[in-house]
Each structure stands twice: as structure tokens, then as C-alpha cells.
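Quick look at entry_29.txt (compact mmCIF, N, CA and C atoms):
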```
# COMPACT_ATOMS: atom_id res chain seq x y z
N MET A 1 94.78 62.12 100.10
CA MET A 1 95.52 61.43 99.09
C MET A 1 95.90 62.42 97.99
N ALA A 2 97.18 62.60 97.74
CA ALA A 2 97.67 63.56 96.77
C ALA A 2 97.41 63.06 95.36
N LYS A 3 97.05 63.98 94.51
CA LYS A 3 96.80 63.64 93.12
C LYS A 3 98.14 63.61 92.39
N GLN A 4 98.37 62.59 91.65
CA GLN A 4 99.63 62.45 90.94
C GLN A 4 99.66 63.38 89.74
N VAL A 5 100.81 64.03 89.55
CA VAL A 5 100.94 64.94 88.43
C VAL A 5 101.19 64.13 87.16
N THR A 6 100.29 64.31 86.21
CA THR A 6 100.44 63.63 84.92
C THR A 6 100.96 64.63 83.91
N SER A 7 101.29 64.16 82.76
CA SER A 7 101.78 65.08 81.73
C SER A 7 100.69 66.09 81.36
N GLU A 8 99.41 65.68 81.41
CA GLU A 8 98.30 66.59 81.11
C GLU A 8 98.20 67.66 82.20
N ASN A 9 98.30 67.23 83.48
CA ASN A 9 98.29 68.19 84.58
C ASN A 9 99.46 69.17 84.44
N GLN A 10 100.62 68.64 84.11
CA GLN A 10 101.80 69.48 83.99
C GLN A 10 101.63 70.51 82.89
N LYS A 11 100.98 70.15 81.79
CA LYS A 11 100.72 71.10 80.71
C LYS A 11 99.83 72.23 81.21
N ASP A 12 98.78 71.86 81.99
CA ASP A 12 97.89 72.88 82.56
C ASP A 12 98.64 73.80 83.51
N ILE A 13 99.47 73.21 84.34
CA ILE A 13 100.25 73.99 85.31
C ILE A 13 101.20 74.93 84.58
N ASP A 14 101.89 74.42 83.58
CA ASP A 14 102.81 75.25 82.79
C ASP A 14 102.07 76.39 82.11
N ALA A 15 100.88 76.12 81.58
CA ALA A 15 100.08 77.15 80.92
C ALA A 15 99.67 78.23 81.92
N MET A 16 99.31 77.79 83.12
CA MET A 16 98.93 78.77 84.16
C MET A 16 100.12 79.64 84.54
N ILE A 17 101.29 79.05 84.65
CA ILE A 17 102.49 79.81 85.01
C ILE A 17 102.81 80.83 83.92
N ARG A 18 102.74 80.42 82.67
CA ARG A 18 103.01 81.34 81.57
C ARG A 18 101.99 82.48 81.56
N ALA A 19 100.72 82.15 81.79
CA ALA A 19 99.68 83.18 81.82
C ALA A 19 99.91 84.14 82.99
N ALA A 20 100.30 83.61 84.14
CA ALA A 20 100.56 84.46 85.30
C ALA A 20 101.73 85.39 85.02
N ASP A 21 102.74 84.89 84.32
CA ASP A 21 103.88 85.73 83.95
C ASP A 21 103.47 86.88 83.05
N ARG A 22 102.43 86.67 82.26
CA ARG A 22 101.91 87.72 81.39
C ARG A 22 100.88 88.59 82.10
N GLY A 23 100.60 88.29 83.37
CA GLY A 23 99.63 89.06 84.14
C GLY A 23 98.20 88.65 83.90
N LYS A 24 97.99 87.45 83.39
CA LYS A 24 96.64 86.96 83.13
C LYS A 24 96.32 85.82 84.10
N LEU A 25 95.04 85.62 84.33
CA LEU A 25 94.59 84.58 85.23
C LEU A 25 93.81 83.54 84.44
N ILE A 26 94.15 82.30 84.68
CA ILE A 26 93.41 81.19 84.07
C ILE A 26 92.72 80.46 85.21
N HIS A 27 91.42 80.30 85.11
CA HIS A 27 90.69 79.56 86.14
C HIS A 27 90.65 78.10 85.72
N HIS A 28 91.18 77.26 86.56
CA HIS A 28 91.19 75.84 86.25
C HIS A 28 90.85 75.08 87.53
N THR A 29 89.68 74.46 87.56
CA THR A 29 89.18 73.78 88.76
C THR A 29 90.14 72.74 89.28
N GLU A 30 90.76 71.99 88.38
CA GLU A 30 91.68 70.92 88.80
C GLU A 30 92.88 71.49 89.54
N ALA A 31 93.25 72.73 89.22
CA ALA A 31 94.46 73.31 89.81
C ALA A 31 94.17 74.07 91.10
N ALA A 32 92.90 74.15 91.49
CA ALA A 32 92.55 74.86 92.71
C ALA A 32 93.16 74.17 93.92
N VAL A 33 93.73 74.96 94.79
CA VAL A 33 94.37 74.42 95.99
C VAL A 33 93.63 74.96 97.21
N ARG A 34 93.28 74.08 98.13
CA ARG A 34 92.62 74.49 99.37
C ARG A 34 93.58 74.21 100.51
N ARG A 35 93.72 75.17 101.41
CA ARG A 35 94.60 74.99 102.56
C ARG A 35 94.03 73.95 103.52
N ASP A 36 92.73 73.95 103.69
CA ASP A 36 92.08 73.01 104.60
C ASP A 36 91.17 72.12 103.76
N PRO A 37 91.58 70.88 103.51
CA PRO A 37 90.78 70.00 102.66
C PRO A 37 89.36 69.79 103.17
N GLY A 38 89.14 69.95 104.48
CA GLY A 38 87.81 69.76 105.05
C GLY A 38 86.92 70.99 104.94
N ALA A 39 87.51 72.13 104.59
CA ALA A 39 86.73 73.37 104.52
C ALA A 39 85.88 73.38 103.25
N HIS A 40 84.69 73.95 103.37
CA HIS A 40 83.83 74.02 102.18
C HIS A 40 84.20 75.26 101.37
N LEU A 41 83.99 75.19 100.08
CA LEU A 41 84.25 76.32 99.21
C LEU A 41 83.00 77.18 99.13
N LEU A 42 83.19 78.48 99.01
CA LEU A 42 82.07 79.40 98.89
C LEU A 42 81.53 79.38 97.46
N THR A 43 80.23 79.53 97.36
CA THR A 43 79.65 79.70 96.03
C THR A 43 79.94 81.13 95.59
N ASP A 44 79.74 81.42 94.33
CA ASP A 44 79.96 82.78 93.83
C ASP A 44 79.07 83.77 94.58
N GLU A 45 77.82 83.36 94.85
CA GLU A 45 76.89 84.24 95.56
C GLU A 45 77.36 84.50 96.98
N GLN A 46 77.84 83.46 97.68
CA GLN A 46 78.34 83.63 99.04
C GLN A 46 79.57 84.52 99.06
N ALA A 47 80.46 84.33 98.11
CA ALA A 47 81.67 85.14 98.04
C ALA A 47 81.32 86.60 97.77
N ALA A 48 80.36 86.83 96.86
CA ALA A 48 79.93 88.20 96.55
C ALA A 48 79.29 88.86 97.76
N SER A 49 78.48 88.10 98.49
CA SER A 49 77.84 88.63 99.69
C SER A 49 78.87 88.98 100.76
N LEU A 50 79.83 88.10 100.94
CA LEU A 50 80.89 88.33 101.91
C LEU A 50 81.70 89.56 101.53
N MET A 51 82.00 89.71 100.25
CA MET A 51 82.75 90.88 99.78
C MET A 51 81.96 92.15 100.01
N THR A 52 80.66 92.13 99.73
CA THR A 52 79.81 93.30 99.92
C THR A 52 79.77 93.69 101.40
N GLN A 53 79.62 92.71 102.27
CA GLN A 53 79.61 92.98 103.71
C GLN A 53 80.94 93.56 104.17
N SER A 54 82.03 93.00 103.69
CA SER A 54 83.36 93.47 104.07
C SER A 54 83.59 94.90 103.60
N LEU A 55 83.17 95.19 102.37
CA LEU A 55 83.33 96.55 101.85
C LEU A 55 82.49 97.55 102.63
N ALA A 56 81.28 97.14 103.02
CA ALA A 56 80.42 98.03 103.80
C ALA A 56 81.06 98.33 105.16
N LYS A 57 81.62 97.29 105.80
CA LYS A 57 82.29 97.50 107.09
C LYS A 57 83.50 98.41 106.93
N LEU A 58 84.26 98.20 105.87
CA LEU A 58 85.44 99.01 105.61
C LEU A 58 85.05 100.46 105.37
N GLU A 59 83.99 100.67 104.59
CA GLU A 59 83.53 102.03 104.32
C GLU A 59 83.08 102.73 105.61
N LYS A 60 82.38 102.00 106.47
CA LYS A 60 81.93 102.56 107.74
C LYS A 60 83.13 102.93 108.62
N LEU A 61 84.12 102.06 108.65
CA LEU A 61 85.32 102.31 109.43
C LEU A 61 86.08 103.52 108.89
N GLU A 62 86.19 103.64 107.58
CA GLU A 62 86.88 104.78 106.97
C GLU A 62 86.14 106.08 107.27
N LYS A 63 84.81 106.06 107.26
CA LYS A 63 84.05 107.26 107.59
C LYS A 63 84.30 107.68 109.03
N GLN A 64 84.34 106.70 109.94
CA GLN A 64 84.60 107.00 111.35
C GLN A 64 86.00 107.56 111.53
N ARG A 65 86.98 106.97 110.83
CA ARG A 65 88.35 107.48 110.92
C ARG A 65 88.44 108.91 110.40
N ALA A 66 87.77 109.17 109.28
CA ALA A 66 87.79 110.52 108.72
C ALA A 66 87.16 111.51 109.70
N LYS A 67 86.08 111.08 110.34
CA LYS A 67 85.41 111.94 111.32
C LYS A 67 86.34 112.20 112.50
N ASP A 68 87.04 111.17 112.96
CA ASP A 68 87.96 111.32 114.07
C ASP A 68 89.15 112.22 113.72
N ARG A 69 89.56 112.19 112.44
CA ARG A 69 90.71 112.98 112.01
C ARG A 69 90.36 114.43 111.77
N THR A 70 89.10 114.73 111.61
CA THR A 70 88.69 116.09 111.28
C THR A 70 89.07 117.03 112.41
N ALA A 71 89.97 117.95 112.13
CA ALA A 71 90.42 118.90 113.15
C ALA A 71 89.40 120.03 113.27
N ARG A 72 89.12 120.37 114.51
CA ARG A 72 88.24 121.50 114.77
C ARG A 72 89.04 122.80 114.68
N CYS A 73 90.28 122.73 115.11
CA CYS A 73 91.19 123.87 114.99
C CYS A 73 92.62 123.32 114.89
N THR A 74 93.49 124.15 114.40
CA THR A 74 94.89 123.75 114.23
C THR A 74 95.75 124.58 115.15
N TRP A 75 96.65 123.91 115.85
CA TRP A 75 97.60 124.59 116.74
C TRP A 75 98.96 124.60 116.09
N ARG A 76 99.67 125.67 116.29
CA ARG A 76 101.08 125.73 115.89
C ARG A 76 101.86 125.96 117.17
N ILE A 77 102.69 125.01 117.50
CA ILE A 77 103.47 125.12 118.73
C ILE A 77 104.95 124.93 118.43
N ARG A 78 105.77 125.40 119.32
CA ARG A 78 107.21 125.18 119.22
C ARG A 78 107.60 124.25 120.37
N ALA A 79 108.47 123.31 120.06
CA ALA A 79 108.91 122.35 121.08
C ALA A 79 110.41 122.11 120.92
N PRO A 80 111.08 121.82 122.03
CA PRO A 80 112.51 121.49 121.93
C PRO A 80 112.70 120.22 121.11
N LYS A 81 113.84 120.09 120.46
CA LYS A 81 114.14 118.96 119.58
C LYS A 81 114.02 117.63 120.32
N ASP A 82 114.53 117.55 121.56
CA ASP A 82 114.48 116.28 122.29
C ASP A 82 113.04 115.87 122.61
N LEU A 83 112.17 116.83 122.91
CA LEU A 83 110.77 116.52 123.17
C LEU A 83 110.09 116.04 121.88
N ASP A 84 110.40 116.70 120.78
CA ASP A 84 109.85 116.29 119.49
C ASP A 84 110.32 114.88 119.13
N ASP A 85 111.59 114.59 119.37
CA ASP A 85 112.12 113.25 119.07
C ASP A 85 111.42 112.18 119.90
N ARG A 86 111.21 112.46 121.19
CA ARG A 86 110.54 111.48 122.06
C ARG A 86 109.09 111.29 121.65
N ALA A 87 108.42 112.39 121.29
CA ALA A 87 107.02 112.28 120.85
C ALA A 87 106.95 111.48 119.54
N SER A 88 107.88 111.71 118.64
CA SER A 88 107.91 110.97 117.37
C SER A 88 108.14 109.49 117.61
N ARG A 89 109.08 109.18 118.50
CA ARG A 89 109.40 107.78 118.81
C ARG A 89 108.18 107.08 119.43
N LEU A 90 107.51 107.75 120.37
CA LEU A 90 106.34 107.17 121.02
C LEU A 90 105.21 106.97 120.02
N ALA A 91 105.01 107.94 119.15
CA ALA A 91 103.95 107.82 118.13
C ALA A 91 104.22 106.62 117.22
N LYS A 92 105.47 106.44 116.85
CA LYS A 92 105.82 105.32 115.99
C LYS A 92 105.59 104.00 116.71
N GLU A 93 105.98 103.92 117.99
CA GLU A 93 105.79 102.70 118.77
C GLU A 93 104.31 102.34 118.91
N GLU A 94 103.48 103.37 119.11
CA GLU A 94 102.04 103.13 119.30
C GLU A 94 101.28 103.03 117.97
N GLY A 95 101.94 103.37 116.87
CA GLY A 95 101.28 103.30 115.57
C GLY A 95 100.25 104.39 115.36
N ILE A 96 100.48 105.55 115.97
CA ILE A 96 99.56 106.68 115.81
C ILE A 96 100.37 107.91 115.42
N SER A 97 99.68 108.97 115.09
CA SER A 97 100.38 110.19 114.67
C SER A 97 100.91 110.96 115.87
N LYS A 98 101.86 111.83 115.58
CA LYS A 98 102.39 112.69 116.64
C LYS A 98 101.28 113.62 117.15
N SER A 99 100.40 114.05 116.27
CA SER A 99 99.27 114.89 116.69
C SER A 99 98.41 114.17 117.72
N ALA A 100 98.21 112.86 117.51
CA ALA A 100 97.41 112.08 118.46
C ALA A 100 98.11 112.02 119.82
N ILE A 101 99.44 111.88 119.81
CA ILE A 101 100.20 111.87 121.06
C ILE A 101 100.02 113.20 121.79
N ILE A 102 100.12 114.29 121.05
CA ILE A 102 99.98 115.62 121.66
C ILE A 102 98.57 115.83 122.19
N ARG A 103 97.55 115.39 121.42
CA ARG A 103 96.16 115.53 121.91
C ARG A 103 95.97 114.74 123.21
N LYS A 104 96.51 113.50 123.25
CA LYS A 104 96.39 112.70 124.47
C LYS A 104 97.08 113.38 125.64
N ALA A 105 98.26 113.94 125.40
CA ALA A 105 99.01 114.59 126.47
C ALA A 105 98.26 115.81 127.01
N VAL A 106 97.71 116.63 126.12
CA VAL A 106 96.97 117.81 126.54
C VAL A 106 95.70 117.39 127.29
N ALA A 107 95.00 116.40 126.77
CA ALA A 107 93.78 115.92 127.45
C ALA A 107 94.10 115.40 128.85
N SER A 108 95.18 114.65 128.97
CA SER A 108 95.60 114.12 130.27
C SER A 108 95.96 115.25 131.23
N TYR A 109 96.68 116.23 130.73
CA TYR A 109 97.08 117.38 131.55
C TYR A 109 95.85 118.14 132.06
N ILE A 110 94.92 118.40 131.18
CA ILE A 110 93.70 119.11 131.56
C ILE A 110 92.90 118.30 132.56
N GLN A 111 92.75 117.00 132.32
CA GLN A 111 92.01 116.13 133.23
C GLN A 111 92.62 116.14 134.62
N SER A 112 93.94 116.08 134.70
CA SER A 112 94.60 116.05 136.02
C SER A 112 94.41 117.38 136.75
N HIS A 113 94.35 118.48 136.02
CA HIS A 113 94.15 119.79 136.67
C HIS A 113 92.69 120.02 137.05
N LEU A 114 91.76 119.38 136.37
CA LEU A 114 90.35 119.52 136.73
C LEU A 114 90.03 118.81 138.04
N LYS A 115 90.82 117.77 138.37
CA LYS A 115 90.59 117.01 139.60
C LYS A 115 91.08 117.76 140.83
N MET A 116 91.91 118.76 140.64
CA MET A 116 92.46 119.52 141.78
C MET A 116 91.44 120.40 142.44
```
Starting from the file, give its structure as C-alpha cells.
Amino acid sequence: MAKQVTSENQKDIDAMIRAADRGKLIHHTEAAVRRDPGAHLLTDEQAASLMTQSLAKLEKLEKQRAKDRTARCTWRIRAPKDLDDRASRLAKEEGISKSAIIRKAVASYIQSHLKM
């Protein structure tokens, strides 16, 4: 059942809009909107715990990414323009760097020659 907007509610809503325009946040319980009316709201403690867990997971993921990105050595190679263009296009499609494409290609090449 939708709550009817009264002149008092409208004043609160207008005040919130003006505050938002100034970059300020007004917390007003009556104006809280939930996407799923049946869903329970988190307590401040639950929200803080969830945020701490999420940040810890993010930090762990970032450390792993940094470790994966750490180059052991740097190669300087020359490649024809068309090969570079295709590698760039493939990297963009896969959402990875061109260096990652080149590492995969070299690893695949070496693996196929080791099987011979």
C-alpha cells in the first residue's frame, strides 16, 4: 500500500532535494525507499561487518592482481602493424592487456613444441 504524499512529506522531500543539490545528505527514515518491501534492512553493525568483509576481499584480490602483474623481466619486441592491430583488438575483446595476449601466445607456442 503506497503512502500518500502529504504537504509535510513534500516539504521533507523538497528539503532532501535541495540538500542533495548542495552535495549534502539528509537521513530521513520516512523517505527511505526499499526495492524489495519484503527484504529486511541491515542494522548499522551488520552493514559495517559486511563492508569490512567486502573490503578485505577486495584487498586480497588487489594483492593477487598486483602479484600476477609483477613482471619478472621485460621484453622489447618488434611486430608488424597488422599483427599489433589484431593483438590489440583481441586484448580489447577479452578485456585483458596486450601483454597478457602475448604471454598466452608464447606459453601456447612453447607448450606445443614441448609435446613434439
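The coordinates place CA of Gln111 in chain A at 21.7 Å from CA of Ala79 in chain A.
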Self-check item: DSSP alpha helix (DSSP H) selection over chain A, as an MDAnalysis selection string
Solution: chainID A and resid 7:21 44:69 81:94 98:114
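Note that the spacing between atom C of Thr74 in chain A and atom N of Ile101 in chain A amounts to 14.0 Å.
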